[in-house]
>>> print(open('model-v7.txt').read())   # compact mmCIF, C-alpha atoms
# COMPACT_ATOMS: atom_id res chain seq x y z
CA MET A 741 7.81 20.93 -0.79
CA LYS A 742 6.27 23.45 1.55
CA LEU A 743 2.98 21.59 1.96
CA LEU A 744 4.79 18.50 3.25
CA GLU A 745 7.16 20.48 5.49
CA GLN A 746 4.18 22.25 7.05
CA ARG A 747 2.43 18.97 7.81
CA ILE A 748 5.61 17.59 9.38
CA LEU A 749 5.88 20.68 11.58
CA GLN A 750 2.19 20.56 12.50
CA GLU A 751 1.75 16.85 13.12
CA GLY A 752 5.13 15.15 13.23
CA GLN A 753 6.41 13.99 16.60
CA VAL A 754 10.04 13.46 17.46
CA ARG A 755 10.76 10.41 19.59
CA PRO A 756 13.96 9.09 21.17
CA GLY A 757 16.40 7.46 18.77
CA ASN A 758 15.85 9.97 15.95
CA VAL A 759 12.39 8.58 15.27
CA LEU A 760 10.06 10.99 13.50
CA LYS A 761 6.46 9.87 13.78
CA VAL A 762 4.33 11.01 10.86
CA ASP A 763 1.80 8.26 11.27
CA CYS A 764 -1.09 10.75 11.25
CA PHE A 765 -0.75 11.35 7.52
CA LEU A 766 2.01 9.30 5.86
CA ASN A 767 2.45 5.74 7.07
CA HIS A 768 -0.41 4.49 9.26
CA GLN A 769 -3.23 6.90 8.66
CA LEU A 770 -2.88 8.26 5.12
CA ASP A 771 -3.92 11.69 3.91
CA VAL A 772 -4.67 10.76 0.34
CA ALA A 773 -5.02 14.38 -0.84
CA LEU A 774 -1.51 15.11 0.46
CA LEU A 775 -0.19 11.94 -1.17
CA ASP A 776 -1.79 13.02 -4.42
CA ALA A 777 -0.01 16.39 -4.20
CA ILE A 778 3.23 14.49 -3.54
CA GLY A 779 2.61 12.32 -6.59
CA GLU A 780 1.94 15.39 -8.69
CA GLU A 781 5.21 16.95 -7.51
CA PHE A 782 7.15 13.79 -8.39
CA TYR A 783 5.55 13.96 -11.82
CA ARG A 784 6.61 17.59 -12.22
CA ILE A 785 10.19 16.65 -11.32
CA PHE A 786 10.59 13.37 -13.20
CA GLN A 787 8.17 13.71 -16.13
CA LYS A 788 10.94 13.99 -18.73
CA GLU A 789 12.71 10.80 -17.64
CA GLY A 790 10.63 8.43 -19.75
CA ILE A 791 9.40 6.50 -16.70
CA THR A 792 7.64 3.21 -17.50
CA LYS A 793 7.03 1.92 -13.96
CA ILE A 794 6.91 3.15 -10.38
CA LEU A 795 8.82 0.79 -8.08
CA THR A 796 8.48 0.69 -4.30
CA ILE A 797 8.50 -1.65 -1.34
CA GLU A 798 5.61 -2.66 0.87
CA ALA A 799 3.89 -1.38 2.94
CA SER A 800 3.65 2.40 3.19
CA GLY A 801 5.56 2.91 -0.05
CA ILE A 802 2.56 1.47 -1.88
CA ALA A 803 0.42 4.50 -1.04
CA VAL A 804 3.06 6.94 -2.31
CA ALA A 805 3.60 4.82 -5.42
CA CYS A 806 -0.09 4.58 -6.32
CA MET A 807 -0.69 8.30 -5.98
CA THR A 808 2.44 8.94 -8.06
CA ALA A 809 1.63 6.39 -10.78
CA ARG A 810 -1.73 8.08 -11.27
CA HIS A 811 0.07 11.12 -12.67
CA PHE A 812 2.53 9.15 -14.82
CA HIS A 813 -0.14 6.76 -16.16
CA VAL A 814 2.19 3.79 -15.62
CA PRO A 815 1.88 0.71 -13.39
CA VAL A 816 3.23 0.32 -9.86
CA VAL A 817 5.33 -2.69 -8.92
CA PHE A 818 6.11 -3.28 -5.28
CA ALA A 819 8.73 -5.55 -3.76
CA LYS A 820 7.37 -7.89 -1.11
CA LYS A 821 8.95 -8.42 2.27
CA ALA A 822 7.93 -12.02 2.82
CA LYS A 823 7.78 -14.94 0.47
CA SER A 824 4.19 -15.93 -0.09
CA LYS A 825 2.92 -19.20 -1.49
CA ASN A 826 1.44 -17.15 -4.29
CA ILE A 827 4.77 -15.92 -5.65
CA ASP A 828 6.38 -18.23 -8.16
CA GLY A 829 10.01 -19.22 -7.99
CA ASP A 830 11.14 -16.88 -10.70
CA VAL A 831 11.98 -13.84 -8.60
CA PHE A 832 14.66 -11.26 -7.96
CA THR A 833 15.66 -11.13 -4.30
CA SER A 834 17.81 -8.94 -2.13
CA THR A 835 18.50 -8.80 1.61
CA VAL A 836 17.77 -5.59 3.49
CA HIS A 837 18.61 -4.57 7.03
CA SER A 838 15.79 -2.74 8.78
CA TYR A 839 16.80 -0.39 11.60
CA THR A 840 13.12 0.12 12.45
CA TYR A 841 12.46 -3.57 13.02
CA GLY A 842 16.01 -4.44 14.09
CA ARG A 843 16.51 -7.37 11.71
CA ASP A 844 17.33 -8.44 8.17
CA TYR A 845 14.62 -9.38 5.73
CA ASP A 846 14.47 -10.48 2.13
CA ILE A 847 12.65 -8.54 -0.52
CA THR A 848 11.20 -10.33 -3.51
CA LEU A 849 9.98 -9.20 -6.92
CA SER A 850 8.67 -11.38 -9.73
CA LYS A 851 11.01 -11.28 -12.71
CA LYS A 852 8.13 -10.83 -15.13
CA PHE A 853 7.44 -7.31 -13.85
CA LEU A 854 10.83 -5.68 -14.43
CA GLY A 855 13.24 -5.93 -17.37
CA PRO A 856 15.74 -4.11 -19.58
CA ALA A 857 12.98 -2.20 -21.41
CA ASP A 858 11.87 -0.50 -18.19
CA LYS A 859 12.90 2.87 -16.85
CA VAL A 860 11.76 3.06 -13.26
CA LEU A 861 11.10 5.76 -10.72
CA LEU A 862 11.75 4.39 -7.23
CA VAL A 863 9.65 6.00 -4.50
CA ASP A 864 9.33 5.56 -0.74
CA ASP A 865 7.98 7.43 2.26
CA PHE A 866 11.29 7.63 4.15
CA LEU A 867 15.00 7.59 3.41
CA ALA A 868 17.40 7.33 6.33
CA ASN A 869 20.21 4.80 6.06
CA GLY A 870 19.00 3.86 2.61
CA LYS A 871 19.06 0.11 3.08
CA ALA A 872 15.61 -0.51 1.61
CA MET A 873 16.42 1.70 -1.38
CA GLN A 874 19.70 -0.15 -1.96
CA GLY A 875 17.74 -3.39 -1.95
CA LEU A 876 15.43 -2.00 -4.62
CA LEU A 877 18.43 -0.79 -6.65
CA ASP A 878 19.95 -4.25 -6.36
CA VAL A 879 16.72 -5.67 -7.77
CA CYS A 880 16.87 -3.10 -10.61
CA ALA A 881 20.46 -4.14 -11.39
CA GLN A 882 19.42 -7.80 -11.50
CA ALA A 883 16.56 -6.89 -13.84
CA GLY A 884 18.83 -4.81 -16.06
CA CYS A 885 16.33 -1.96 -15.99
CA HIS A 886 17.18 1.74 -16.07
CA VAL A 887 16.75 3.90 -12.99
CA GLY A 888 15.18 7.20 -14.03
CA GLY A 889 15.14 8.65 -10.55
CA ILE A 890 14.40 8.24 -6.86
CA GLY A 891 11.58 10.16 -5.19
CA ILE A 892 11.43 10.29 -1.40
CA CYS A 893 8.87 12.03 0.79
CA ILE A 894 11.02 12.58 3.90
CA GLU A 895 14.78 12.19 4.03
CA LYS A 896 16.71 12.21 7.28
CA GLY A 897 19.60 14.29 6.00
CA PHE A 898 21.72 13.54 9.05
CA GLN A 899 21.81 9.83 8.15
CA PRO A 900 23.95 8.62 5.25
CA GLY A 901 21.45 7.13 2.79
CA GLY A 902 20.79 10.25 0.74
CA GLN A 903 24.40 11.31 0.40
CA GLU A 904 25.48 7.83 -0.70
CA LEU A 905 22.81 7.68 -3.40
CA ARG A 906 23.62 11.17 -4.71
CA GLN A 907 27.34 10.35 -4.79
CA ALA A 908 26.52 7.21 -6.74
CA GLY A 909 24.97 9.49 -9.38
CA TYR A 910 21.27 8.87 -8.92
CA LYS A 911 18.78 11.68 -9.49
CA LEU A 912 17.41 11.64 -5.96
CA VAL A 913 14.80 14.17 -4.89
CA SER A 914 13.45 14.26 -1.35
CA LEU A 915 10.48 16.56 -0.88
CA ALA A 916 11.49 17.31 2.71
CA ILE A 917 15.02 16.85 4.05
CA ILE A 918 15.46 17.06 7.81
CA ASP A 919 18.98 18.14 8.68
CA SER A 920 18.51 18.00 12.44
CA MET A 921 15.78 17.25 14.89
CA SER A 922 15.22 17.44 18.60
CA ASP A 923 12.24 17.48 20.93
CA ASN A 924 11.64 21.14 20.25
CA SER A 925 12.69 21.79 16.69
CA LEU A 926 13.11 20.43 13.21
CA THR A 927 15.47 21.99 10.71
CA PHE A 928 14.73 21.46 7.03
CA ARG A 929 17.42 21.73 4.38
CA GLN A 930 16.84 24.66 2.02
CA GLN A 931 16.16 23.35 -1.48
CA GLU A 932 15.48 24.90 -4.86
CA ALA A 933 11.81 24.92 -5.78
CA MET B 70 -18.05 -5.14 -12.14
CA LYS B 71 -17.50 -6.17 -15.73
CA LEU B 72 -14.18 -4.36 -16.09
CA LEU B 73 -12.67 -6.35 -13.22
CA GLU B 74 -14.19 -9.66 -14.38
CA GLN B 75 -12.72 -9.10 -17.83
CA ARG B 76 -9.25 -8.48 -16.43
CA ILE B 77 -9.48 -11.61 -14.28
CA LEU B 78 -10.45 -13.64 -17.35
CA GLN B 79 -7.71 -12.08 -19.47
CA GLU B 80 -4.82 -12.12 -17.01
CA GLY B 81 -5.74 -14.23 -13.99
CA GLN B 82 -4.06 -17.60 -13.65
CA VAL B 83 -5.47 -20.52 -11.70
CA ARG B 84 -2.93 -22.50 -9.69
CA PRO B 85 -3.22 -25.66 -7.59
CA GLY B 86 -4.86 -25.18 -4.20
CA ASN B 87 -7.53 -22.77 -5.45
CA VAL B 88 -4.95 -20.02 -5.88
CA LEU B 89 -5.95 -17.29 -8.33
CA LYS B 90 -2.97 -15.24 -9.37
CA VAL B 91 -3.88 -11.70 -10.31
CA ASP B 92 -0.45 -10.29 -9.58
CA CYS B 93 -0.29 -8.61 -13.00
CA PHE B 94 -2.76 -5.93 -11.96
CA LEU B 95 -3.99 -6.26 -8.35
CA ASN B 96 -1.42 -7.31 -5.79
CA HIS B 97 2.16 -7.20 -7.03
CA GLN B 98 2.06 -5.09 -10.14
CA LEU B 99 -0.79 -2.59 -9.76
CA ASP B 100 -2.92 -1.17 -12.55
CA VAL B 101 -3.71 2.15 -10.93
CA ALA B 102 -6.34 3.12 -13.52
CA LEU B 103 -8.22 -0.11 -12.78
CA LEU B 104 -7.88 0.49 -9.03
CA ASP B 105 -9.26 3.97 -9.54
CA ALA B 106 -12.29 2.55 -11.35
CA ILE B 107 -12.71 0.11 -8.45
CA GLY B 108 -12.56 2.99 -5.98
CA GLU B 109 -15.14 4.91 -7.98
CA GLU B 110 -17.43 1.89 -7.96
CA PHE B 111 -17.10 1.51 -4.17
CA TYR B 112 -17.99 5.19 -3.90
CA ARG B 113 -21.08 4.67 -6.04
CA ILE B 114 -22.18 1.79 -3.82
CA PHE B 115 -21.34 3.17 -0.36
CA GLN B 116 -21.59 6.94 -0.82
CA LYS B 117 -24.74 7.23 1.30
CA GLU B 118 -23.28 5.43 4.31
CA GLY B 119 -21.62 8.49 5.87
CA ILE B 120 -18.14 6.95 5.66
CA THR B 121 -15.44 8.83 7.62
CA LYS B 122 -12.49 6.48 7.06
CA ILE B 123 -11.36 3.70 4.76
CA LEU B 124 -9.86 0.83 6.75
CA THR B 125 -7.68 -1.93 5.31
CA ILE B 126 -4.74 -4.16 6.10
CA GLU B 127 -1.25 -4.03 4.63
CA ALA B 128 0.03 -4.65 2.04
CA SER B 129 -2.04 -4.88 -1.15
CA GLY B 130 -5.14 -3.54 0.57
CA ILE B 131 -3.39 -0.18 0.81
CA ALA B 132 -3.57 0.35 -2.94
CA VAL B 133 -7.29 -0.41 -3.05
CA ALA B 134 -7.89 1.79 -0.01
CA CYS B 135 -6.00 4.80 -1.39
CA MET B 136 -7.77 4.74 -4.73
CA THR B 137 -11.11 4.40 -2.89
CA ALA B 138 -10.43 7.14 -0.33
CA ARG B 139 -9.71 9.55 -3.17
CA HIS B 140 -13.39 9.38 -4.15
CA PHE B 141 -14.73 9.63 -0.59
CA HIS B 142 -12.33 12.44 0.41
CA VAL B 143 -11.60 10.71 3.72
CA PRO B 144 -8.36 9.28 5.19
CA VAL B 145 -7.14 5.71 4.93
CA VAL B 146 -6.05 3.80 8.01
CA PHE B 147 -4.30 0.49 7.56
CA ALA B 148 -3.68 -2.22 10.14
CA LYS B 149 -0.07 -3.33 10.34
CA LYS B 150 1.03 -6.94 10.35
CA ALA B 151 4.14 -6.57 12.48
CA LYS B 152 4.84 -4.50 15.53
CA SER B 153 7.35 -1.79 14.68
CA LYS B 154 9.41 0.27 17.10
CA ASN B 155 7.55 3.27 15.72
CA ILE B 156 4.13 2.18 16.94
CA ASP B 157 3.32 3.29 20.47
CA GLY B 158 1.87 0.96 23.04
CA ASP B 159 -1.65 2.25 22.73
CA VAL B 160 -2.95 -0.06 20.02
CA PHE B 161 -5.83 -2.33 19.15
CA THR B 162 -4.64 -5.83 18.24
CA SER B 163 -6.18 -8.98 16.83
CA THR B 164 -4.77 -12.33 15.75
CA VAL B 165 -5.38 -13.49 12.18
CA HIS B 166 -4.71 -16.83 10.55
CA SER B 167 -3.26 -16.53 7.05
CA TYR B 168 -3.87 -19.46 4.73
CA THR B 169 -1.56 -17.86 2.14
CA TYR B 170 1.40 -17.73 4.50
CA GLY B 171 0.38 -20.75 6.59
CA ARG B 172 0.68 -19.08 9.99
CA ASP B 173 -0.95 -16.77 12.54
CA TYR B 174 0.01 -13.13 12.76
CA ASP B 175 -1.05 -10.16 14.83
CA ILE B 176 -2.51 -7.05 13.31
CA THR B 177 -2.05 -3.72 15.05
CA LEU B 178 -3.77 -0.36 14.77
CA SER B 179 -3.07 2.78 16.83
CA LYS B 180 -6.05 3.64 19.00
CA LYS B 181 -5.86 7.30 18.03
CA PHE B 182 -6.95 6.56 14.46
CA LEU B 183 -10.28 4.83 15.12
CA GLY B 184 -13.06 5.66 17.58
CA PRO B 185 -16.82 5.75 18.21
CA ALA B 186 -17.28 8.81 15.98
CA ASP B 187 -16.04 6.90 12.94
CA LYS B 188 -18.05 5.06 10.33
CA VAL B 189 -15.67 2.94 8.32
CA LEU B 190 -15.64 1.25 4.96
CA LEU B 191 -13.43 -1.83 5.11
CA VAL B 192 -11.75 -2.74 1.83
CA ASP B 193 -9.39 -5.45 0.66
CA ASP B 194 -8.23 -7.05 -2.56
CA PHE B 195 -9.36 -10.59 -1.72
CA LEU B 196 -11.93 -12.32 0.46
CA ALA B 197 -11.71 -16.08 0.85
CA ASN B 198 -11.94 -17.49 4.35
CA GLY B 199 -12.41 -14.00 5.71
CA LYS B 200 -9.88 -14.24 8.52
CA ALA B 201 -8.18 -10.92 7.77
CA MET B 202 -11.56 -9.19 7.51
CA GLN B 203 -12.66 -10.69 10.84
CA GLY B 204 -9.47 -9.33 12.38
CA LEU B 205 -10.32 -5.87 11.07
CA LEU B 206 -13.90 -6.20 12.36
CA ASP B 207 -12.50 -7.22 15.75
CA VAL B 208 -10.42 -4.02 15.73
CA CYS B 209 -13.55 -2.02 14.80
CA ALA B 210 -15.44 -3.60 17.72
CA GLN B 211 -12.60 -2.69 20.10
CA ALA B 212 -12.64 0.88 18.76
CA GLY B 213 -16.43 1.11 19.08
CA CYS B 214 -16.68 2.48 15.54
CA HIS B 215 -19.51 1.84 13.12
CA VAL B 216 -19.04 -0.40 10.10
CA GLY B 217 -20.66 1.24 7.09
CA GLY B 218 -19.76 -1.52 4.68
CA ILE B 219 -17.21 -3.93 3.32
CA GLY B 220 -15.86 -3.58 -0.22
CA ILE B 221 -13.92 -6.45 -1.76
CA CYS B 222 -12.35 -6.66 -5.19
CA ILE B 223 -12.39 -10.44 -5.65
CA GLU B 224 -14.34 -12.88 -3.47
CA LYS B 225 -13.84 -16.61 -3.67
CA GLY B 226 -17.49 -17.49 -3.37
CA PHE B 227 -16.76 -21.17 -2.79
CA GLN B 228 -14.98 -20.36 0.47
CA PRO B 229 -16.96 -19.37 3.57
CA GLY B 230 -15.81 -15.80 4.34
CA GLY B 231 -18.40 -13.93 2.29
CA GLN B 232 -21.37 -15.97 3.41
CA GLU B 233 -20.44 -15.62 7.07
CA LEU B 234 -20.11 -11.85 6.80
CA ARG B 235 -23.44 -11.48 4.95
CA GLN B 236 -25.18 -13.68 7.50
CA ALA B 237 -23.74 -11.49 10.25
CA GLY B 238 -25.59 -8.58 8.62
CA TYR B 239 -22.74 -6.62 7.04
CA LYS B 240 -23.30 -4.75 3.79
CA LEU B 241 -20.64 -6.66 1.87
CA VAL B 242 -20.13 -5.99 -1.83
CA SER B 243 -17.56 -7.92 -3.85
CA LEU B 244 -16.98 -6.56 -7.33
CA ALA B 245 -16.22 -10.03 -8.69
CA ILE B 246 -17.35 -13.25 -7.02
CA ILE B 247 -15.85 -16.47 -8.30
CA ASP B 248 -18.17 -19.39 -7.66
CA SER B 249 -15.90 -22.03 -9.15
CA MET B 250 -12.56 -22.22 -10.82
CA SER B 251 -10.45 -24.78 -12.60
CA ASP B 252 -7.51 -24.76 -14.99
CA ASN B 253 -9.78 -24.00 -17.91
CA SER B 254 -12.61 -21.91 -16.60
CA LEU B 255 -13.79 -19.39 -14.05
CA THR B 256 -17.43 -18.97 -13.18
CA PHE B 257 -18.53 -15.60 -11.84
CA ARG B 258 -21.65 -15.21 -9.73
CA GLN B 259 -24.31 -13.14 -11.48
CA GLN B 260 -24.89 -9.93 -9.54
CA GLU B 261 -27.19 -6.94 -9.91
CA ALA B 262 -25.49 -3.91 -11.46
>>> encode(input="model-v7.txt", output="structure tokens")
Amino acid sequence: MKLLEQRILQEGQVRPGNVLKVDCFLNHQLDVALLDAIGEEFYRIFQKEGITKILTIEASGIAVACMTARHFHVPVVFAKKAKSKNIDGDVFTSTVHSYTYGRDYDITLSKKFLGPADKVLLVDDFLANGKAMQGLLDVCAQAGCHVGGIGICIEKGFQPGGQELRQAGYKLVSLAIIDSMSDNSLTFRQQEA
Amino acid sequence: MKLLEQRILQEGQVRPGNVLKVDCFLNHQLDVALLDAIGEEFYRIFQKEGITKILTIEASGIAVACMTARHFHVPVVFAKKAKSKNIDGDVFTSTVHSYTYGRDYDITLSKKFLGPADKVLLVDDFLANGKAMQGLLDVCAQAGCHVGGIGICIEKGFQPGGQELRQAGYKLVSLAIIDSMSDNSLTFRQQEA
């Protein structure tokens, strides 16, 4: 998606440890018009999959999911990262390792929001090692729901998450795939429009 | 806002400890069409305030903020609840007590996203004791930005947060204010349209 690649080139900042900061528009400050264009693009790609729910994980995934769900006219469900008093006992859980935060955490999703009748589109802002996405897929397996696709804004193509998910047979589309990055340059993977 | 009050009556569940579960549509599963109507209503109320940014706190506030920002055509900025490797040192911070999670936590916001030129609308899904909102107002004070208003989806009117903020002079609008609740009934405060 050219619009997203341009914003990454204009405003993204590469930091040590293969960190790409896009906090100006994607995961701290949010450009809602850009997110809406992203949601529209996910709709263009996945509209024939019979999607009944958009599934994501807090926090920044929620913005992507909402602006995507708007085009599909289906609800969002987001997995939570901490167990709140307000969540009942009847939940799906999975353990995820976060490289960003350097620790494991549990994700939680109420059983009443996902079941065998659902066909979900999983969305997130980033895909790198794919641990969060595998946690969401684990939740989907527990729920017995169908996975209609996975929509990612930015994939770090030099980390293994994307390849593993494609090899597992998922319809994974990342709107920008970064194949290499350094202080001075970013290389995007060429993709079909 | 009648639409929101109706949904609370239809789908909200009262639990011990004055917990109102609205996870079917507001903070776990998200009804994006309802959130969009909420955002439109906040725009109707605050459109003359010269708002430049919508400010909220992760996680469920992000959904409300995105669907509000869409109508204002301004960015969202959300305060984070945990310090990530990806946030630089130059941040505003404030400590918030969460009654839901039973502990204190720090909120963090990059200094580059909020400054004296900004006039912000603060939004969140719930207001009860108001601790999260006071944390956001503390961040606004540190940034030297102007507070154009506070928009809340559901206020627990029998807890002190709303009264304290109104007494402090903020233009606070809650689309549904619950004055009392029990297993069998919810009483909404009558408000001007």
>>> closest_residue(input="model-v7.txt", among="A:Gly891, A:Ala857, A:Leu744, A:Phe898", to="Tyr783 in chain A", atoms="all atoms listed in the file")
A:Gly891
>>> closest_residue(input="model-v7.txt", among="A:Glu798, A:Asp846, A:Glu751, A:Glu745", to="chain B", atoms="only C-alpha atoms")
A:Glu798
>>> interface_residues(input="model-v7.txt", of="chain B", to="chain A", cutoff="6 Å", atoms="only C-alpha atoms", output="ChimeraX atom specification")
/B:97-100,128,144-147,153-154,169-170
>>> residues_near_point(input="model-v7.txt", point="(-3.8, 2.3, 23.0)", cutoff="7 Å", atoms="only C-alpha atoms", output="list in words")
Gly158, Asp159, Val160, Phe161, Ser179 and Lys180 of chain B
>>> atom_distance(input="model-v7.txt", atom1="CA of Asp878 in chain A", atom2="CA of His837 in chain A")
13.5 Å
>>> residues_around(input="model-v7.txt", residues="Thr927 in chain A", least_positions_apart="4", cutoff="12 Å", atoms="all atoms listed in the file", output="mmCIF file with C-alpha atoms, keeping the file's coordinate frame")
data_model
loop_
_atom_site.group_PDB
_atom_site.id
_atom_site.type_symbol
_atom_site.label_atom_id
_atom_site.label_comp_id
_atom_site.auth_asym_id
_atom_site.auth_seq_id
_atom_site.Cartn_x
_atom_site.Cartn_y
_atom_site.Cartn_z
ATOM 1 C CA GLU A 745 7.160 20.480 5.490
ATOM 2 C CA GLN A 746 4.180 22.250 7.050
ATOM 3 C CA ILE A 748 5.610 17.590 9.380
ATOM 4 C CA LEU A 749 5.880 20.680 11.580
ATOM 5 C CA GLU A 895 14.780 12.190 4.030
ATOM 6 C CA LYS A 896 16.710 12.210 7.280
ATOM 7 C CA GLY A 897 19.600 14.290 6.000
ATOM 8 C CA PHE A 898 21.720 13.540 9.050
ATOM 9 C CA ALA A 916 11.490 17.310 2.710
ATOM 10 C CA ILE A 917 15.020 16.850 4.050
ATOM 11 C CA ILE A 918 15.460 17.060 7.810
ATOM 12 C CA ASP A 919 18.980 18.140 8.680
ATOM 13 C CA SER A 920 18.510 18.000 12.440
ATOM 14 C CA MET A 921 15.780 17.250 14.890
ATOM 15 C CA SER A 922 15.220 17.440 18.600
ATOM 16 C CA ASP A 923 12.240 17.480 20.930
#
>>> atom_distance(input="model-v7.txt", atom1="CA of Leu861 in chain A", atom2="CA of Gly889 in chain A")
5.0 Å
>>> residues_around(input="model-v7.txt", residues="Ala872 in chain A", least_positions_apart="2", cutoff="9 Å", atoms="only C-alpha atoms", output="list in words")
Ile797, Thr835, Val836, His837, Ser838, Ile847, Leu867, Asn869, Gly870, Gln874, Gly875, Leu876 and Leu877 of chain A
>>> atom_distance(input="model-v7.txt", atom1="CA of Met873 in chain A", atom2="CA of Gly901 in chain A")
8.5 Å
>>> closest_residue(input="model-v7.txt", among="B:Ser254, B:Ser243, B:Asn87, B:Gln259", to="Phe111 in chain B", atoms="all atoms listed in the file")
B:Ser243
>>> residues_near_point(input="model-v7.txt", point="(-19.4, -0.6, 5.9)", cutoff="12 Å", atoms="all atoms listed in the file", output="PyMOL selection string")
chain B and resi 111-112+114-125+187-192+202+205-206+209+214-221+234-235+238-242
>>> axis_aligned_box(input="model-v7.txt", around="range 892-910 of chain A", padding_each_side="8 Å", output="JSON")
{"center_x": 18.1, "center_y": 10.7, "center_z": -0.2, "size_x": 34.5, "size_y": 23.2, "size_z": 34.4}
